[in-house]
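Shown next: data11.tsv, containing TSV, C-alpha atoms and all ligand atoms.
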```
chain	number	residue	atom	x	y	z
A	1	MET	CA	66.18	-105.06	36.51
A	2	GLU	CA	66.41	-105.25	40.31
A	3	ASN	CA	69.96	-104.25	41.44
A	4	ARG	CA	70.88	-102.91	38.02
A	5	LYS	CA	69.13	-99.55	38.02
A	6	LEU	CA	70.98	-96.47	36.85
A	7	ALA	CA	70.08	-92.90	37.74
A	8	ILE	CA	71.83	-90.52	35.38
A	9	LEU	CA	72.57	-86.89	36.22
A	10	ILE	CA	73.21	-84.44	33.40
A	11	SER	CA	73.54	-80.70	32.83
A	12	GLY	CA	73.57	-80.34	29.05
A	13	ARG	CA	74.06	-82.25	25.82
A	14	GLY	CA	73.84	-85.66	27.46
A	15	SER	CA	75.85	-87.58	24.86
A	16	ASN	CA	77.33	-89.86	27.52
A	17	PHE	CA	73.82	-90.64	28.76
A	18	VAL	CA	72.78	-91.44	25.18
A	19	ALA	CA	75.83	-93.72	24.73
A	20	ILE	CA	74.92	-95.60	27.92
A	21	HIS	CA	71.31	-95.94	26.77
A	22	LYS	CA	72.43	-97.23	23.37
A	23	ALA	CA	74.70	-99.82	25.01
A	24	ILE	CA	71.66	-101.04	26.97
A	25	CYS	CA	69.49	-101.14	23.83
A	26	ARG	CA	72.19	-103.10	21.92
A	27	GLY	CA	72.33	-105.61	24.77
A	28	ASP	CA	75.95	-104.77	25.64
A	29	LEU	CA	75.05	-103.47	29.10
A	30	ASP	CA	72.63	-105.40	31.28
A	31	ALA	CA	70.99	-102.53	33.17
A	32	GLY	CA	68.04	-100.17	33.11
A	33	ILE	CA	67.87	-96.39	33.39
A	34	CYS	CA	65.39	-95.51	36.13
A	35	CYS	CA	65.60	-91.72	35.70
A	36	VAL	CA	67.53	-88.84	34.21
A	37	ILE	CA	67.86	-85.72	36.32
A	38	SER	CA	69.13	-82.41	35.03
A	39	ASN	CA	69.95	-79.31	37.03
A	40	MET	CA	69.46	-77.26	33.84
A	41	PRO	CA	65.92	-77.03	32.44
A	42	ASP	CA	67.07	-76.73	28.81
A	43	ALA	CA	69.52	-79.67	28.81
A	44	ALA	CA	69.30	-81.37	25.41
A	45	GLY	CA	69.63	-84.78	27.03
A	46	LEU	CA	66.19	-84.34	28.59
A	47	ASP	CA	64.53	-84.41	25.16
A	48	TYR	CA	66.25	-87.68	24.31
A	49	ALA	CA	65.16	-89.15	27.66
A	50	ARG	CA	61.53	-88.12	27.13
A	51	ALA	CA	61.54	-89.44	23.56
A	52	SER	CA	62.90	-92.75	24.88
A	53	GLY	CA	60.25	-93.06	27.57
A	54	ILE	CA	62.69	-92.51	30.43
A	55	ASP	CA	61.61	-90.48	33.47
A	56	ALA	CA	63.19	-87.04	32.88
A	57	ILE	CA	63.27	-84.72	35.86
A	58	VAL	CA	64.43	-81.12	36.12
A	59	LEU	CA	65.79	-80.07	39.49
A	60	GLN	CA	67.06	-76.55	39.01
A	61	SER	CA	70.12	-75.77	41.06
A	62	GLN	CA	70.54	-72.07	40.37
A	63	GLY	CA	70.38	-70.03	43.54
A	64	ILE	CA	70.10	-73.08	45.78
A	65	GLU	CA	72.79	-73.77	48.37
A	66	ARG	CA	74.78	-76.96	48.06
A	67	VAL	CA	73.44	-78.64	51.21
A	68	GLN	CA	69.85	-77.86	50.32
A	69	TYR	CA	70.31	-79.02	46.71
A	70	ASP	CA	71.96	-82.23	47.86
A	71	SER	CA	69.02	-83.16	50.05
A	72	LEU	CA	66.57	-82.25	47.26
A	73	LEU	CA	68.48	-84.61	44.95
A	74	ILE	CA	68.59	-87.35	47.57
A	75	ASP	CA	64.83	-87.08	48.17
A	76	THR	CA	64.17	-87.19	44.42
A	77	LEU	CA	66.45	-90.17	43.81
A	78	ARG	CA	65.49	-92.34	46.81
A	79	PRO	CA	62.10	-93.54	45.47
A	80	PHE	CA	63.87	-94.86	42.35
A	81	ASP	CA	66.23	-96.88	44.57
A	82	PRO	CA	69.10	-96.62	42.06
A	83	THR	CA	71.89	-99.18	42.15
A	84	LEU	CA	74.32	-96.60	40.74
A	85	VAL	CA	74.15	-92.85	40.31
A	86	CYS	CA	76.05	-91.90	37.14
A	87	LEU	CA	77.23	-88.32	36.76
A	88	ALA	CA	77.36	-87.69	33.02
A	89	GLY	CA	78.41	-84.10	32.45
A	90	PHE	CA	76.68	-83.03	35.68
A	91	MET	CA	78.36	-79.70	36.35
A	92	ARG	CA	77.43	-79.24	39.98
A	93	ILE	CA	79.62	-80.36	42.87
A	94	LEU	CA	77.90	-82.78	45.21
A	95	GLY	CA	78.65	-82.67	48.91
A	96	PRO	CA	79.37	-85.34	51.52
A	97	GLU	CA	75.70	-85.75	52.43
A	98	PHE	CA	74.91	-86.88	48.89
A	99	LEU	CA	77.85	-89.27	48.73
A	100	ARG	CA	76.90	-90.77	52.09
A	101	ALA	CA	73.37	-91.39	50.79
A	102	PHE	CA	74.77	-93.59	47.97
A	103	PRO	CA	78.07	-94.83	49.43
A	104	GLY	CA	80.54	-96.02	46.81
A	105	ARG	CA	77.81	-95.97	44.19
A	106	VAL	CA	78.30	-92.60	42.53
A	107	LEU	CA	80.29	-92.70	39.29
A	108	ASN	CA	81.71	-89.79	37.33
A	109	ILE	CA	83.27	-89.34	33.91
A	110	HIS	CA	85.91	-86.73	33.28
A	111	PRO	CA	87.66	-85.74	30.03
A	112	SER	CA	91.27	-86.15	31.15
A	113	LEU	CA	93.57	-88.84	32.49
A	114	LEU	CA	92.97	-88.14	36.17
A	115	PRO	CA	94.58	-87.12	38.45
A	116	ALA	CA	95.76	-84.69	35.75
A	117	PHE	CA	93.53	-81.73	34.92
A	118	PRO	CA	90.54	-82.01	37.25
A	119	GLY	CA	87.82	-79.36	37.26
A	120	LEU	CA	86.49	-77.26	34.43
A	121	HIS	CA	87.87	-77.19	30.85
A	122	ALA	CA	90.05	-80.28	31.25
A	123	GLN	CA	90.79	-80.44	27.52
A	124	ARG	CA	91.86	-76.77	27.47
A	125	GLN	CA	94.08	-77.40	30.51
A	126	ALA	CA	95.72	-80.32	28.69
A	127	LEU	CA	96.41	-78.21	25.60
A	128	GLU	CA	97.76	-75.31	27.66
A	129	TYR	CA	100.07	-77.63	29.59
A	130	GLY	CA	101.31	-79.16	26.36
A	131	VAL	CA	100.81	-82.83	27.19
A	132	LYS	CA	101.11	-85.24	24.26
A	133	ILE	CA	98.63	-87.74	25.65
A	134	SER	CA	95.35	-86.99	27.35
A	135	GLY	CA	92.15	-89.03	27.54
A	136	CYS	CA	89.23	-89.75	29.80
A	137	THR	CA	88.51	-91.40	33.13
A	138	VAL	CA	85.54	-93.05	34.82
A	139	HIS	CA	85.91	-93.16	38.59
A	140	ILE	CA	83.95	-93.64	41.78
A	141	ALA	CA	83.22	-90.19	43.16
A	142	ASP	CA	84.53	-89.18	46.55
A	143	GLU	CA	84.37	-85.83	48.30
A	144	GLY	CA	86.97	-84.13	46.09
A	145	VAL	CA	86.54	-82.59	42.66
A	146	ASP	CA	87.07	-85.32	40.05
A	147	THR	CA	88.82	-87.57	42.58
A	148	GLY	CA	88.16	-91.13	43.76
A	149	PRO	CA	89.07	-94.70	42.77
A	150	ILE	CA	89.59	-95.10	39.03
A	151	LEU	CA	87.58	-97.74	37.16
A	152	LEU	CA	88.61	-97.25	33.53
A	153	GLN	CA	90.68	-94.87	31.46
A	154	ARG	CA	91.37	-94.41	27.75
A	155	ALA	CA	94.32	-92.50	26.36
A	156	VAL	CA	93.94	-90.10	23.44
A	157	GLU	CA	96.88	-88.62	21.55
A	158	VAL	CA	97.09	-84.84	21.42
A	159	LEU	CA	97.84	-83.93	17.81
A	160	ASP	CA	99.79	-80.93	16.51
A	161	GLY	CA	97.26	-78.27	15.68
A	162	ASP	CA	94.56	-79.66	17.94
A	163	SER	CA	92.05	-77.08	19.15
A	164	GLU	CA	89.96	-77.51	22.28
A	165	GLU	CA	87.10	-78.59	20.00
A	166	THR	CA	89.01	-81.22	18.00
A	167	LEU	CA	90.66	-82.72	21.08
A	168	SER	CA	87.35	-82.71	22.99
A	169	ALA	CA	85.61	-84.50	20.12
A	170	ARG	CA	88.21	-87.32	20.01
A	171	ILE	CA	88.14	-87.68	23.79
A	172	LEU	CA	84.33	-87.75	23.75
A	173	GLU	CA	84.37	-90.72	21.33
A	174	GLN	CA	86.39	-92.62	23.93
A	175	GLU	CA	84.15	-91.47	26.78
A	176	HIS	CA	81.27	-93.10	24.95
A	177	GLN	CA	83.26	-96.34	24.83
A	178	ILE	CA	84.30	-96.50	28.48
A	179	TYR	CA	81.36	-95.26	30.53
A	180	TRP	CA	79.07	-98.21	29.91
A	181	ARG	CA	81.99	-100.63	30.35
A	182	ALA	CA	82.84	-99.06	33.73
A	183	ILE	CA	79.18	-99.31	34.73
A	184	ALA	CA	79.21	-103.01	33.81
A	185	LEU	CA	82.29	-103.51	36.02
A	186	MET	CA	80.65	-101.71	38.93
A	187	LEU	CA	77.40	-103.63	38.59
A	188	GLU	CA	79.40	-106.85	38.78
A	189	ARG	CA	80.97	-105.69	42.05
A	190	VAL	CA	77.78	-104.36	43.57
A	191	THR	CA	75.62	-107.35	42.71
A	192	ARG	CA	78.30	-109.77	43.98
A	193	ARG	CA	78.21	-107.93	47.32
A	194	LYS	CA	74.49	-108.71	47.78
A	201	LIG	C1	81.91	-84.75	28.96
A	201	LIG	O1	83.06	-84.46	28.21
A	201	LIG	C2	82.28	-85.11	30.38
A	201	LIG	O2	83.46	-85.85	30.46
A	201	LIG	C3	82.45	-83.73	30.99
A	201	LIG	O3	81.37	-83.00	30.48
A	201	LIG	C4	81.05	-83.49	29.16
A	201	LIG	C5	79.58	-83.78	29.10
A	201	LIG	O4	79.20	-84.15	27.81
A	201	LIG	N1	82.42	-83.80	32.43
A	201	LIG	C6	83.22	-83.09	33.22
A	201	LIG	O5	84.01	-82.28	32.79
A	201	LIG	C7	83.08	-83.36	34.71
A	201	LIG	N2	84.12	-82.77	35.45
A	201	LIG	P1	77.79	-84.85	27.55
A	201	LIG	O6	76.74	-83.95	28.22
A	201	LIG	O7	77.64	-84.84	26.07
A	201	LIG	O8	77.83	-86.22	28.14
```
I'd like the structure from this file rewritten - as structure tokens, please.
Ligand code: GAR
Amino acid sequence: MENRKLAILISGRGSNFVAIHKAICRGDLDAGICCVISNMPDAAGLDYARASGIDAIVLQSQGIERVQYDSLLIDTLRPFDPTLVCLAGFMRILGPEFLRAFPGRVLNIHPSLLPAFPGLHAQRQALEYGVKISGCTVHIADEGVDTGPILLQRAVEVLDGDSEETLSARILEQEHQIYWRAIALMLERVTRRK
């Protein structure tokens, strides 16, 4: 699995991580998950990782300054030598030092059609704005919040009567479809570069 190692960063449920892992198990995505790191000790995704025999690491971020947390993360990730670092519901902003450590190799998923509705509660923002179409985006992370070159997007119709929960659930189904496909695209690029 040289050159196809994924480090996955989560903060909670971890359903995108699980979808990526399932794509690997089905043989749809040719990659391996070298570790899962959570900044929250009670993230549900950690249990799934442990049950699947994947290295699950807690690196608590509360009370730690961004620069210090970034270097802690870098030091933890380096020994795994990840090909890509995949942010999957990782709710902590990473600074330039982190991005420089893995240049062009940090991916993020966001529950809107970026550049619309970056930041927190993207689905709520979409409903409040009144858009008729929203969706999800996988992109290469740069130094902004939910910005950087877009790899894949899926559109999701906003239905009359949608609540934040119903819209989020339909968007999440599409997130699970696009993240592993975007990873496959990136791995193609990265391994061709070698
Ligand atoms: C997902 O909807 C993801 O797009 C969002 O957090 C959720 C995590 O769910 N990420 C962001 O909003 C990043 N700005 P998961 O833990 O079940 O994968």
task: Calculate how many Å separate atom CA of A:Ala51 from atom CA of A:Glu173, rounding to one decimal.
output: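 Value for the atom CA of A:Ala51-atom CA of A:Glu173 distance: 23.0 Å.
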task: Kindly indicate which residue among A:Pro103, A:Gly130, A:Gly144, A:Pro79 lies nearest to ligand LIG 201 (chain A), using all atoms listed in the file for the distances.
output: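 Among A:Pro103, A:Gly130, A:Gly144, A:Pro79, it is A:Gly144 that comes nearest to ligand LIG 201 (chain A).
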task: Could you check which of A:Phe90, A:Phe80, A:Tyr69, A:Tyr48 is closest to ligand LIG 201 (chain A), using all atoms listed in the file?
output: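 That would be A:Phe90, the residue with the smallest distance to ligand LIG 201 (chain A).
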task: Excluding A:Ser11 and any residue of its chain fewer than 4 positions from it, enumerate the residues within 7 Å of it, using all atoms listed in the file, and give them as a list in words.
output: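 These residues fall inside the cut-off: Ser38, Asn39, Met40, Ala43, Gly89, Phe90 and Met91 of chain A.
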field: Gap from atom CA of A:Lys22 to atom CA of A:Thr83 - Å, one decimal
entry: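 These two atoms are separated by 18.9 Å.
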query: Taking only C-alpha atoms and all ligand atoms into account, which residues are within 8 Å of ligand LIG 201 (chain A), as a VMD selection string?
result: chain A and resid 10 to 18 45 87 to 91 108 to 112 118 to 122 136 to 137 145 to 146 168 171 to 172 175
Just C-alpha atoms for this one: save the residues we selected as a PDB file, in the frame of the given file.
```pdb
ATOM      1  CA  ILE A  10      73.210 -84.440  33.400  1.00  0.00           C
ATOM      2  CA  SER A  11      73.540 -80.700  32.830  1.00  0.00           C
ATOM      3  CA  GLY A  12      73.570 -80.340  29.050  1.00  0.00           C
ATOM      4  CA  ARG A  13      74.060 -82.250  25.820  1.00  0.00           C
ATOM      5  CA  GLY A  14      73.840 -85.660  27.460  1.00  0.00           C
ATOM      6  CA  SER A  15      75.850 -87.580  24.860  1.00  0.00           C
ATOM      7  CA  ASN A  16      77.330 -89.860  27.520  1.00  0.00           C
ATOM      8  CA  PHE A  17      73.820 -90.640  28.760  1.00  0.00           C
ATOM      9  CA  VAL A  18      72.780 -91.440  25.180  1.00  0.00           C
ATOM     10  CA  GLY A  45      69.630 -84.780  27.030  1.00  0.00           C
ATOM     11  CA  LEU A  87      77.230 -88.320  36.760  1.00  0.00           C
ATOM     12  CA  ALA A  88      77.360 -87.690  33.020  1.00  0.00           C
ATOM     13  CA  GLY A  89      78.410 -84.100  32.450  1.00  0.00           C
ATOM     14  CA  PHE A  90      76.680 -83.030  35.680  1.00  0.00           C
ATOM     15  CA  MET A  91      78.360 -79.700  36.350  1.00  0.00           C
ATOM     16  CA  ASN A 108      81.710 -89.790  37.330  1.00  0.00           C
ATOM     17  CA  ILE A 109      83.270 -89.340  33.910  1.00  0.00           C
ATOM     18  CA  HIS A 110      85.910 -86.730  33.280  1.00  0.00           C
ATOM     19  CA  PRO A 111      87.660 -85.740  30.030  1.00  0.00           C
ATOM     20  CA  SER A 112      91.270 -86.150  31.150  1.00  0.00           C
ATOM     21  CA  PRO A 118      90.540 -82.010  37.250  1.00  0.00           C
ATOM     22  CA  GLY A 119      87.820 -79.360  37.260  1.00  0.00           C
ATOM     23  CA  LEU A 120      86.490 -77.260  34.430  1.00  0.00           C
ATOM     24  CA  HIS A 121      87.870 -77.190  30.850  1.00  0.00           C
ATOM     25  CA  ALA A 122      90.050 -80.280  31.250  1.00  0.00           C
ATOM     26  CA  CYS A 136      89.230 -89.750  29.800  1.00  0.00           C
ATOM     27  CA  THR A 137      88.510 -91.400  33.130  1.00  0.00           C
ATOM     28  CA  VAL A 145      86.540 -82.590  42.660  1.00  0.00           C
ATOM     29  CA  ASP A 146      87.070 -85.320  40.050  1.00  0.00           C
ATOM     30  CA  SER A 168      87.350 -82.710  22.990  1.00  0.00           C
ATOM     31  CA  ILE A 171      88.140 -87.680  23.790  1.00  0.00           C
ATOM     32  CA  LEU A 172      84.330 -87.750  23.750  1.00  0.00           C
ATOM     33  CA  GLU A 175      84.150 -91.470  26.780  1.00  0.00           C
TER      34      GLU A 175
END
```
query: Which residue, A:Ala49, A:Ala126, A:Ile20, A:Leu9, has the smallest gap to A:His176 when you use all atoms listed in the file?
result: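 Closest residue, counting all atoms listed in the file: A:Ile20.
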message: So the first atom is atom CA of A:Arg192 and the second is atom CA of A:Gly104; what is the distance between them in Å, to one decimal place?
response: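 A separation of 14.2 Å between them.
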message: I need the residue nearest A:Gly95 from this list: A:Val156, A:Lys5, A:Ala19, A:Asp142. Use all atoms listed in the file for the distance.
response: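 Of all the options, A:Asp142 lies closest to A:Gly95.
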For a cutoff of 10 Å around the file-coordinate point (63.3, -97.0, 36.2), which residues qualify once you count all atoms listed in the file? I'd like the result as a PDB file with C-alpha atoms, keeping the file's coordinate frame.
```
ATOM      1  CA  MET A   1      66.180-105.060  36.510  1.00  0.00           C
ATOM      2  CA  GLU A   2      66.410-105.250  40.310  1.00  0.00           C
ATOM      3  CA  ARG A   4      70.880-102.910  38.020  1.00  0.00           C
ATOM      4  CA  LYS A   5      69.130 -99.550  38.020  1.00  0.00           C
ATOM      5  CA  LEU A   6      70.980 -96.470  36.850  1.00  0.00           C
ATOM      6  CA  ALA A   7      70.080 -92.900  37.740  1.00  0.00           C
ATOM      7  CA  ALA A  31      70.990-102.530  33.170  1.00  0.00           C
ATOM      8  CA  GLY A  32      68.040-100.170  33.110  1.00  0.00           C
ATOM      9  CA  ILE A  33      67.870 -96.390  33.390  1.00  0.00           C
ATOM     10  CA  CYS A  34      65.390 -95.510  36.130  1.00  0.00           C
ATOM     11  CA  CYS A  35      65.600 -91.720  35.700  1.00  0.00           C
ATOM     12  CA  VAL A  36      67.530 -88.840  34.210  1.00  0.00           C
ATOM     13  CA  GLY A  53      60.250 -93.060  27.570  1.00  0.00           C
ATOM     14  CA  ILE A  54      62.690 -92.510  30.430  1.00  0.00           C
ATOM     15  CA  ASP A  55      61.610 -90.480  33.470  1.00  0.00           C
ATOM     16  CA  PRO A  79      62.100 -93.540  45.470  1.00  0.00           C
ATOM     17  CA  PHE A  80      63.870 -94.860  42.350  1.00  0.00           C
ATOM     18  CA  ASP A  81      66.230 -96.880  44.570  1.00  0.00           C
ATOM     19  CA  PRO A  82      69.100 -96.620  42.060  1.00  0.00           C
TER      20      PRO A  82
END
```
message: My list of candidates is A:Val138, A:Leu113, A:Asp70, A:Ile150. Which is closest to A:Trp180 when distances are computed with all atoms listed in the file?
response: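 Closest candidate: A:Val138.
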For A:Glu128, the nearest of the candidates A:Ala44, A:Val158, A:Ile24, A:Cys86, counting all atoms listed in the file: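 Distance minimum relative to A:Glu128 lands on A:Val158.
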Quick one: axis-aligned box around all listed atoms of stretch 79-93 of chain A, 8 Å on every side, centre and edge lengths in Å to one decimal, written as JSON.
```
{"center_x": 70.9, "center_y": -89.2, "center_z": 39.0, "size_x": 33.5, "size_y": 35.9, "size_z": 29.0}
```
Test item: which residues lie within 10 Å of (66.4, -83.2, 43.6) counting all atoms listed in the file, as a list in words: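 The distance filter leaves exactly Ile37, Ser38, Asn39, Ile57, Val58, Leu59, Gln60, Ser61, Gln68, Tyr69, Asp70, Ser71, Leu72, Leu73, Ile74, Asp75, Thr76, Leu77 and Arg78 of chain A.
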Using the partial input, fill out stretch 131-142 of chain A with all heavy atoms; write the result as an mmCIF file, keeping the file's coordinate frame.
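For reference, result_25.cif as written:
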```
data_model
loop_
_atom_site.group_PDB
_atom_site.id
_atom_site.type_symbol
_atom_site.label_atom_id
_atom_site.label_comp_id
_atom_site.auth_asym_id
_atom_site.auth_seq_id
_atom_site.Cartn_x
_atom_site.Cartn_y
_atom_site.Cartn_z
ATOM 1 N N VAL A 131 100.637 -81.379 27.132
ATOM 2 C CA VAL A 131 100.810 -82.830 27.190
ATOM 3 C C VAL A 131 100.611 -83.436 25.793
ATOM 4 O O VAL A 131 99.916 -82.865 24.952
ATOM 5 C CB VAL A 131 99.823 -83.504 28.192
ATOM 6 C CG1 VAL A 131 100.142 -83.132 29.622
ATOM 7 C CG2 VAL A 131 98.374 -83.170 27.859
ATOM 8 N N LYS A 132 101.223 -84.576 25.556
ATOM 9 C CA LYS A 132 101.110 -85.240 24.260
ATOM 10 C C LYS A 132 100.043 -86.318 24.273
ATOM 11 O O LYS A 132 99.627 -86.823 23.235
ATOM 12 C CB LYS A 132 102.462 -85.847 23.853
ATOM 13 C CG LYS A 132 103.572 -84.808 23.747
ATOM 14 C CD LYS A 132 103.241 -83.759 22.695
ATOM 15 C CE LYS A 132 104.306 -82.662 22.639
ATOM 16 N NZ LYS A 132 103.804 -81.481 21.900
ATOM 17 N N ILE A 133 99.679 -86.734 25.473
ATOM 18 C CA ILE A 133 98.630 -87.740 25.650
ATOM 19 C C ILE A 133 97.636 -87.206 26.676
ATOM 20 O O ILE A 133 98.033 -86.755 27.745
ATOM 21 C CB ILE A 133 99.202 -89.067 26.220
ATOM 22 C CG1 ILE A 133 100.341 -89.625 25.374
ATOM 23 C CG2 ILE A 133 98.099 -90.103 26.423
ATOM 24 C CD1 ILE A 133 99.926 -90.415 24.172
ATOM 25 N N SER A 134 96.365 -87.248 26.330
ATOM 26 C CA SER A 134 95.350 -86.990 27.350
ATOM 27 C C SER A 134 94.354 -88.146 27.282
ATOM 28 O O SER A 134 94.738 -89.252 26.896
ATOM 29 C CB SER A 134 94.684 -85.633 27.142
ATOM 30 O OG SER A 134 93.903 -85.321 28.285
ATOM 31 N N GLY A 135 93.098 -87.916 27.604
ATOM 32 C CA GLY A 135 92.150 -89.030 27.540
ATOM 33 C C GLY A 135 90.956 -88.794 28.417
ATOM 34 O O GLY A 135 90.532 -87.649 28.625
ATOM 35 N N CYS A 136 90.413 -89.879 28.954
ATOM 36 C CA CYS A 136 89.230 -89.750 29.800
ATOM 37 C C CYS A 136 89.260 -90.820 30.889
ATOM 38 O O CYS A 136 89.956 -91.834 30.769
ATOM 39 C CB CYS A 136 87.944 -89.844 28.976
ATOM 40 S SG CYS A 136 87.884 -91.230 27.840
ATOM 41 N N THR A 137 88.493 -90.563 31.931
ATOM 42 C CA THR A 137 88.510 -91.400 33.130
ATOM 43 C C THR A 137 87.092 -91.596 33.650
ATOM 44 O O THR A 137 86.330 -90.627 33.719
ATOM 45 C CB THR A 137 89.320 -90.695 34.255
ATOM 46 O OG1 THR A 137 90.632 -90.401 33.795
ATOM 47 C CG2 THR A 137 89.391 -91.562 35.509
ATOM 48 N N VAL A 138 86.756 -92.816 34.028
ATOM 49 C CA VAL A 138 85.540 -93.050 34.820
ATOM 50 C C VAL A 138 86.006 -93.500 36.200
ATOM 51 O O VAL A 138 86.851 -94.392 36.318
ATOM 52 C CB VAL A 138 84.634 -94.135 34.200
ATOM 53 C CG1 VAL A 138 83.401 -94.350 35.093
ATOM 54 C CG2 VAL A 138 84.202 -93.735 32.796
ATOM 55 N N HIS A 139 85.475 -92.837 37.224
ATOM 56 C CA HIS A 139 85.910 -93.160 38.590
ATOM 57 C C HIS A 139 84.727 -93.129 39.543
ATOM 58 O O HIS A 139 83.665 -92.585 39.229
ATOM 59 C CB HIS A 139 86.993 -92.165 39.047
ATOM 60 C CG HIS A 139 86.512 -90.744 39.163
ATOM 61 N ND1 HIS A 139 86.145 -90.167 40.354
ATOM 62 C CD2 HIS A 139 86.311 -89.787 38.225
ATOM 63 C CE1 HIS A 139 85.762 -88.930 40.138
ATOM 64 N NE2 HIS A 139 85.837 -88.652 38.859
ATOM 65 N N ILE A 140 84.950 -93.729 40.709
ATOM 66 C CA ILE A 140 83.950 -93.640 41.780
ATOM 67 C C ILE A 140 84.163 -92.289 42.449
ATOM 68 O O ILE A 140 85.297 -91.929 42.775
ATOM 69 C CB ILE A 140 84.145 -94.797 42.798
ATOM 70 C CG1 ILE A 140 84.050 -96.150 42.082
ATOM 71 C CG2 ILE A 140 83.123 -94.702 43.923
ATOM 72 C CD1 ILE A 140 84.440 -97.344 42.944
ATOM 73 N N ALA A 141 83.081 -91.541 42.613
ATOM 74 C CA ALA A 141 83.220 -90.190 43.160
ATOM 75 C C ALA A 141 83.454 -90.228 44.665
ATOM 76 O O ALA A 141 82.805 -90.998 45.379
ATOM 77 C CB ALA A 141 81.971 -89.380 42.845
ATOM 78 N N ASP A 142 84.405 -89.414 45.110
ATOM 79 C CA ASP A 142 84.530 -89.180 46.550
ATOM 80 C C ASP A 142 84.301 -87.696 46.803
ATOM 81 O O ASP A 142 83.740 -87.007 45.952
ATOM 82 C CB ASP A 142 85.862 -89.721 47.097
ATOM 83 C CG ASP A 142 87.058 -88.940 46.596
ATOM 84 O OD1 ASP A 142 86.862 -87.855 46.007
ATOM 85 O OD2 ASP A 142 88.190 -89.406 46.797
#
```
